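Reproduced below: entry_30.txt, with compact mmCIF, C-alpha atoms.
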# COMPACT_ATOMS: atom_id res chain seq x y z
CA MET Z 1 -8.34 26.50 36.89
CA LYS Z 2 -5.89 23.61 37.27
CA THR Z 3 -8.80 21.15 37.16
CA LEU Z 4 -9.99 22.61 33.84
CA LEU Z 5 -6.47 22.39 32.39
CA ILE Z 6 -6.08 18.74 33.33
CA SER Z 7 -9.49 17.90 31.87
CA ALA Z 8 -8.73 19.62 28.55
CA LEU Z 9 -5.38 17.90 28.13
CA ALA Z 10 -6.90 14.54 29.07
CA VAL Z 11 -9.39 14.90 26.21
CA VAL Z 12 -6.51 15.55 23.79
CA ALA Z 13 -4.64 12.46 24.96
CA ALA Z 14 -7.73 10.27 24.83
CA ALA Z 15 -8.96 11.40 21.38
CA PRO Z 16 -7.94 8.56 19.04
CA ALA Z 17 -7.30 9.19 15.36
CA SER Z 18 -9.75 7.45 13.04
CA ALA Z 19 -8.60 4.00 11.95
CA VAL Z 20 -10.94 3.71 8.98
CA VAL Z 21 -9.14 2.62 5.79
CA THR Z 22 -10.19 4.18 2.50
CA VAL Z 23 -9.48 2.13 -0.64
CA TYR Z 24 -8.61 3.82 -3.95
CA GLN Z 25 -9.02 1.60 -7.02
CA GLY Z 26 -7.89 3.20 -10.26
CA ASP Z 27 -7.92 6.59 -8.51
CA LEU Z 28 -4.36 7.85 -8.15
CA ALA Z 29 -5.55 11.48 -8.08
CA GLY Z 30 -7.88 10.76 -5.16
CA PHE Z 31 -5.16 8.90 -3.30
CA ASN Z 32 -2.67 11.72 -3.84
CA ALA Z 33 -5.16 14.30 -2.64
CA ALA Z 34 -5.82 12.35 0.56
CA ALA Z 35 -2.21 11.30 1.19
CA GLY Z 36 -0.51 14.60 0.38
CA ASN Z 37 1.10 13.49 -2.90
CA PRO Z 38 3.63 11.02 -1.44
CA ALA Z 39 6.76 10.54 -3.51
CA ILE Z 40 7.54 7.26 -5.25
CA SER Z 41 9.36 5.18 -2.63
CA ILE Z 42 10.25 2.11 -4.72
CA ASP Z 43 10.42 2.09 -8.52
CA PHE Z 44 12.69 -1.00 -8.79
CA GLU Z 45 15.11 0.80 -11.13
CA SER Z 46 18.16 0.26 -8.89
CA LEU Z 47 17.27 -3.37 -8.11
CA SER Z 48 17.79 -6.65 -9.93
CA GLY Z 49 17.34 -10.38 -9.48
CA ASP Z 50 15.19 -12.17 -6.93
CA ILE Z 51 14.35 -9.85 -4.03
CA ALA Z 52 12.01 -12.22 -2.14
CA GLY Z 53 12.63 -11.84 1.59
CA GLN Z 54 14.51 -8.57 1.25
CA THR Z 55 13.64 -5.38 3.11
CA ILE Z 56 13.74 -2.35 0.83
CA ALA Z 57 12.96 1.19 1.97
CA GLY Z 58 11.32 -0.16 5.11
CA VAL Z 59 9.14 -2.85 3.54
CA THR Z 60 9.83 -6.59 3.42
CA LEU Z 61 8.59 -8.31 0.26
CA SER Z 62 7.73 -12.01 0.00
CA ASN Z 63 5.66 -14.40 -2.08
CA PRO Z 64 3.39 -16.50 0.16
CA ASP Z 65 3.43 -19.35 -2.37
CA GLY Z 66 7.21 -19.62 -2.46
CA ASN Z 67 7.61 -18.15 -5.95
CA THR Z 68 10.48 -15.81 -6.74
CA LEU Z 69 10.05 -12.04 -6.84
CA GLU Z 70 12.25 -11.01 -9.72
CA VAL Z 71 13.05 -7.47 -10.83
CA VAL Z 72 13.22 -7.49 -14.63
CA ASN Z 73 12.97 -5.15 -17.58
CA ALA Z 74 9.29 -4.87 -18.45
CA ALA Z 75 10.09 -5.10 -22.15
CA ASP Z 76 11.67 -8.52 -21.58
CA THR Z 77 8.49 -10.11 -20.19
CA PHE Z 78 6.70 -12.34 -22.67
CA SER Z 79 3.82 -14.75 -23.04
CA PRO Z 80 4.43 -18.35 -24.09
CA PRO Z 81 3.32 -19.29 -27.63
CA GLY Z 82 -0.42 -19.74 -27.87
CA TYR Z 83 -0.98 -17.81 -24.68
CA GLY Z 84 -1.87 -14.31 -25.77
CA GLY Z 85 1.12 -13.76 -27.98
CA PRO Z 86 4.40 -11.95 -27.32
CA ALA Z 87 2.65 -8.55 -27.35
CA ASN Z 88 1.14 -9.28 -23.95
CA VAL Z 89 3.81 -7.99 -21.56
CA LEU Z 90 3.85 -6.34 -18.14
CA PRO Z 91 3.97 -2.54 -18.63
CA ALA Z 92 6.30 -0.43 -16.47
CA THR Z 93 4.71 2.64 -14.88
CA SER Z 94 7.94 4.27 -13.70
CA GLY Z 95 11.24 3.70 -15.46
CA VAL Z 96 11.75 0.42 -17.30
CA LYS Z 97 11.89 -2.22 -14.54
CA VAL Z 98 9.05 -4.05 -12.81
CA LEU Z 99 8.61 -6.68 -10.12
CA SER Z 100 7.57 -9.86 -11.92
CA PRO Z 101 7.07 -12.96 -9.75
CA GLY Z 102 8.59 -15.90 -11.57
CA GLY Z 103 10.68 -13.79 -13.92
CA THR Z 104 10.27 -12.67 -17.52
CA ASN Z 105 8.40 -15.76 -18.73
CA LEU Z 106 4.70 -15.16 -18.01
CA ILE Z 107 4.24 -18.87 -17.69
CA GLN Z 108 1.01 -20.80 -18.10
CA GLY Z 109 -0.65 -22.26 -15.03
CA PRO Z 110 -1.10 -24.14 -12.93
CA ASP Z 111 2.55 -23.76 -11.98
CA ILE Z 112 4.20 -22.40 -8.84
CA ARG Z 113 6.19 -19.99 -11.03
CA GLN Z 114 2.88 -18.43 -12.11
CA ARG Z 115 1.66 -17.70 -8.59
CA ASP Z 116 2.10 -13.96 -8.45
CA SER Z 117 0.85 -13.16 -4.95
CA LEU Z 118 2.75 -10.61 -2.86
CA THR Z 119 3.03 -9.88 0.86
CA LEU Z 120 4.32 -6.51 2.08
CA VAL Z 121 5.29 -6.08 5.74
CA PHE Z 122 6.19 -2.54 6.79
CA SER Z 123 8.91 -1.88 9.37
CA ALA Z 124 6.68 0.81 10.84
CA PRO Z 125 2.92 0.96 10.17
CA LEU Z 126 1.83 3.51 7.58
CA SER Z 127 -1.23 5.63 7.05
CA ALA Z 128 -0.86 5.77 3.27
CA PHE Z 129 0.28 3.22 0.69
CA GLY Z 130 -0.26 2.95 -3.06
CA MET Z 131 1.03 0.74 -5.84
CA ASP Z 132 0.47 -0.20 -9.48
CA ILE Z 133 -0.61 -3.76 -10.25
CA LEU Z 134 0.42 -4.82 -13.75
CA PHE Z 135 -1.64 -7.16 -15.89
CA GLN Z 136 -0.31 -9.13 -18.82
CA SER Z 137 -3.79 -8.87 -20.32
CA LEU Z 138 -7.25 -7.91 -19.17
CA ASP Z 139 -10.12 -10.17 -20.18
CA CYS Z 140 -13.20 -9.85 -17.99
CA CYS Z 141 -11.88 -9.65 -14.45
CA SER Z 142 -8.61 -9.54 -12.57
CA PHE Z 143 -8.61 -12.67 -10.37
CA THR Z 144 -6.76 -10.63 -7.75
CA ASN Z 145 -7.74 -9.97 -4.13
CA PHE Z 146 -6.22 -7.73 -1.47
CA GLN Z 147 -6.23 -7.60 2.33
CA VAL Z 148 -4.84 -4.97 4.70
CA PHE Z 149 -3.85 -5.84 8.29
CA ASP Z 150 -2.95 -3.75 11.31
CA GLY Z 151 -0.12 -4.45 13.75
CA SER Z 152 -2.30 -6.85 15.73
CA ASN Z 153 -3.03 -8.90 12.60
CA ASN Z 154 -6.61 -7.65 12.35
CA ALA Z 155 -7.97 -7.35 8.81
CA ILE Z 156 -8.91 -3.67 8.36
CA ALA Z 157 -9.67 -3.65 4.62
CA GLY Z 158 -10.12 -6.13 1.83
CA GLY Z 159 -11.71 -6.80 -1.53
CA SER Z 160 -11.06 -7.63 -5.17
CA VAL Z 161 -9.08 -5.59 -7.67
CA ASN Z 162 -11.73 -4.48 -10.14
CA ALA Z 163 -9.54 -4.08 -13.19
CA VAL Z 164 -11.48 -5.01 -16.32
CA GLY Z 165 -10.92 -4.42 -20.00
CA GLY Z 166 -9.70 -6.24 -23.06
CA GLY Z 167 -6.69 -6.75 -25.25
CA ALA Z 168 -3.10 -6.44 -24.23
CA GLY Z 169 -3.11 -5.70 -20.55
CA GLY Z 170 -2.20 -2.61 -18.59
CA ALA Z 171 -1.61 -1.14 -15.13
CA PHE Z 172 -4.13 -0.54 -12.35
CA PHE Z 173 -3.56 1.69 -9.32
CA LEU Z 174 -4.50 0.38 -5.87
CA GLY Z 175 -4.05 2.58 -2.81
CA PHE Z 176 -5.04 2.90 0.83
CA THR Z 177 -5.20 5.73 3.34
CA SER Z 178 -6.09 5.61 7.02
CA GLY Z 179 -6.80 8.10 9.76
CA SER Z 180 -3.99 6.54 11.80
CA ALA Z 181 -0.71 4.79 11.07
CA ASN Z 182 -2.19 1.29 11.25
CA ILE Z 183 -1.35 -0.23 7.84
CA ALA Z 184 1.17 -2.86 8.91
CA ARG Z 185 0.83 -5.59 6.28
CA ILE Z 186 -0.73 -5.91 2.83
CA VAL Z 187 -1.38 -9.19 1.02
CA ILE Z 188 -2.14 -9.27 -2.72
CA THR Z 189 -3.48 -12.68 -3.76
CA GLU Z 190 -3.54 -13.70 -7.43
CA PHE Z 191 -5.70 -16.81 -7.57
CA ASP Z 192 -6.31 -17.66 -11.24
CA GLU Z 193 -4.13 -20.53 -12.43
CA ASN Z 194 -5.52 -21.63 -15.76
CA ASP Z 195 -4.70 -21.11 -19.42
CA ALA Z 196 -8.03 -19.60 -20.41
CA ASN Z 197 -7.49 -16.31 -18.61
CA PRO Z 198 -4.05 -14.88 -19.38
CA ASP Z 199 -4.36 -12.07 -16.86
CA SER Z 200 -3.45 -14.71 -14.31
CA ASN Z 201 0.09 -13.30 -14.71
CA ILE Z 202 0.52 -10.03 -12.83
CA GLY Z 203 3.40 -7.83 -11.69
CA TYR Z 204 3.99 -4.71 -9.61
CA ASP Z 205 5.53 -1.26 -9.92
CA THR Z 206 5.69 2.24 -8.43
CA PHE Z 207 5.21 1.96 -4.67
CA ARG Z 208 4.20 5.11 -2.78
CA PHE Z 209 3.96 5.21 0.99
CA GLY Z 210 4.00 7.69 3.82
CA ALA Z 211 2.31 8.98 6.96
CA ILE Z 212 -0.62 11.31 6.46
CA ASN Z 213 -1.12 12.06 10.16
CA ALA Z 214 2.13 13.88 10.86
CA VAL Z 215 0.14 16.57 12.76
CA PRO Z 216 -2.85 16.23 15.10
CA GLU Z 217 -6.31 16.25 13.60
CA PRO Z 218 -8.14 19.64 13.62
CA ALA Z 219 -10.25 18.70 16.65
CA SER Z 220 -7.15 17.73 18.57
CA TRP Z 221 -5.47 21.01 17.59
CA ALA Z 222 -8.44 22.95 18.96
CA LEU Z 223 -8.32 21.11 22.26
CA MET Z 224 -4.57 21.49 22.48
CA VAL Z 225 -4.77 25.24 21.84
CA ALA Z 226 -7.51 25.49 24.45
CA GLY Z 227 -5.31 23.61 26.89
CA PHE Z 228 -2.38 25.92 26.24
CA GLY Z 229 -4.68 28.90 26.76
CA LEU Z 230 -5.81 27.53 30.10
CA ALA Z 231 -2.22 26.88 31.07
CA GLY Z 232 -1.33 30.48 30.26
CA ALA Z 233 -4.29 31.78 32.22
CA ALA Z 234 -3.30 29.69 35.23
CA THR Z 235 0.26 31.01 35.06
CA ARG Z 236 -0.90 34.61 34.86
CA ARG Z 237 -3.23 34.10 37.83
CA ARG Z 238 -0.41 32.68 39.93
CA ARG Z 239 1.74 35.67 39.09
CA VAL Z 240 -1.04 38.10 40.09
CA LEU Z 241 -1.60 36.31 43.40
CA ALA Z 242 2.14 36.26 44.09
CA THR Z 243 2.45 40.03 43.64
CA ALA Z 244 -0.77 40.92 45.49
Can you turn what I pasted into structure tokens?
Amino acid sequence: MKTLLISALAVVAAAPASAVVTVYQGDLAGFNAAAGNPAISIDFESLSGDIAGQTIAGVTLSNPDGNTLEVVNAADTFSPPGYGGPANVLPATSGVKVLSPGGTNLIQGPDIRQRDSLTLVFSAPLSAFGMDILFQSLDCCSFTNFQVFDGSNNAIAGGSVNAVGGGAGGAFFLGFTSGSANIARIVITEFDENDANPDSNIGYDTFRFGAINAVPEPASWALMVAGFGLAGAATRRRRVLATA
């Protein structure tokens, strides 16, 4: 009986949670369903100025190109003359403030102030993260890539943000969930730096993150319950033998 108990508990300890990352593009409802509707963790409303290098709510934000990461009122963002017009702004998706690399002036490229890439490093790896990427305008494609890394710096997900459309820009949800807490770093790379495609200017808003594996997976629960049952049976047997 003791041998069976040890074997059952060993299976529980050895059963790893799945590390597969699922990507949600433009699918906030799907992300929420998988991640358990995590609350908004960062909406930028209580922040201001350049926050590059700061750690906020357990995530350190930086721009890999050395640009600033400025928290501004979305309504104050503007396009330079001849570059889409002043109507092309970054839209806020929660409150009125957004994270706009380079500030309110959605400057023409190539210029370091127009390099809107973002790196997020989490103090503790997550199993769920979602955010809104803001586009000054949407022409035919987004010119934005993403990569997700685990704590050992292995790339575990990646691709392009497939936000397409026309006219005066908008917001696009991008989210990730994993079967284990292995989302340690996320890099958003905006790589278009020319005047012909004004969606080269992007911003960010409404960060959601959490842990979706707070309890063991169903299979692990079954094994754990079986182990506890075996432990109880072993205890009862010892009591019977002791009183015999």
Distance query 7 Å from (-10.9, -7.2, -7.1) using only C-alpha atoms, result as a ChimeraX atom specification: /Z:142-145,159-163
Z:Gly30 surroundings by only C-alpha atoms, 12 Å radius, close-in-sequence under 6 positions cut, as a count of residues only: 11
Nearest residue to Z:Phe146 from the set Z:Asn32, Z:Asn182, Z:Ser79, Z:Gln25 (distances using all atoms listed in the file):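 Of Z:Asn32, Z:Asn182, Z:Ser79, Z:Gln25, the one nearest Z:Phe146, counting all atoms listed in the file, is Z:Gln25.
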Two-atom distance - atom CA of Z:Val121, atom CA of Z:Leu61 (Å):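 Separating atom CA of Z:Val121 from atom CA of Z:Leu61 is a distance of 6.8 Å.
Interatomic distance, atom CA of Z:Met131 to atom CA of Z:Phe149: 16.3 Å.
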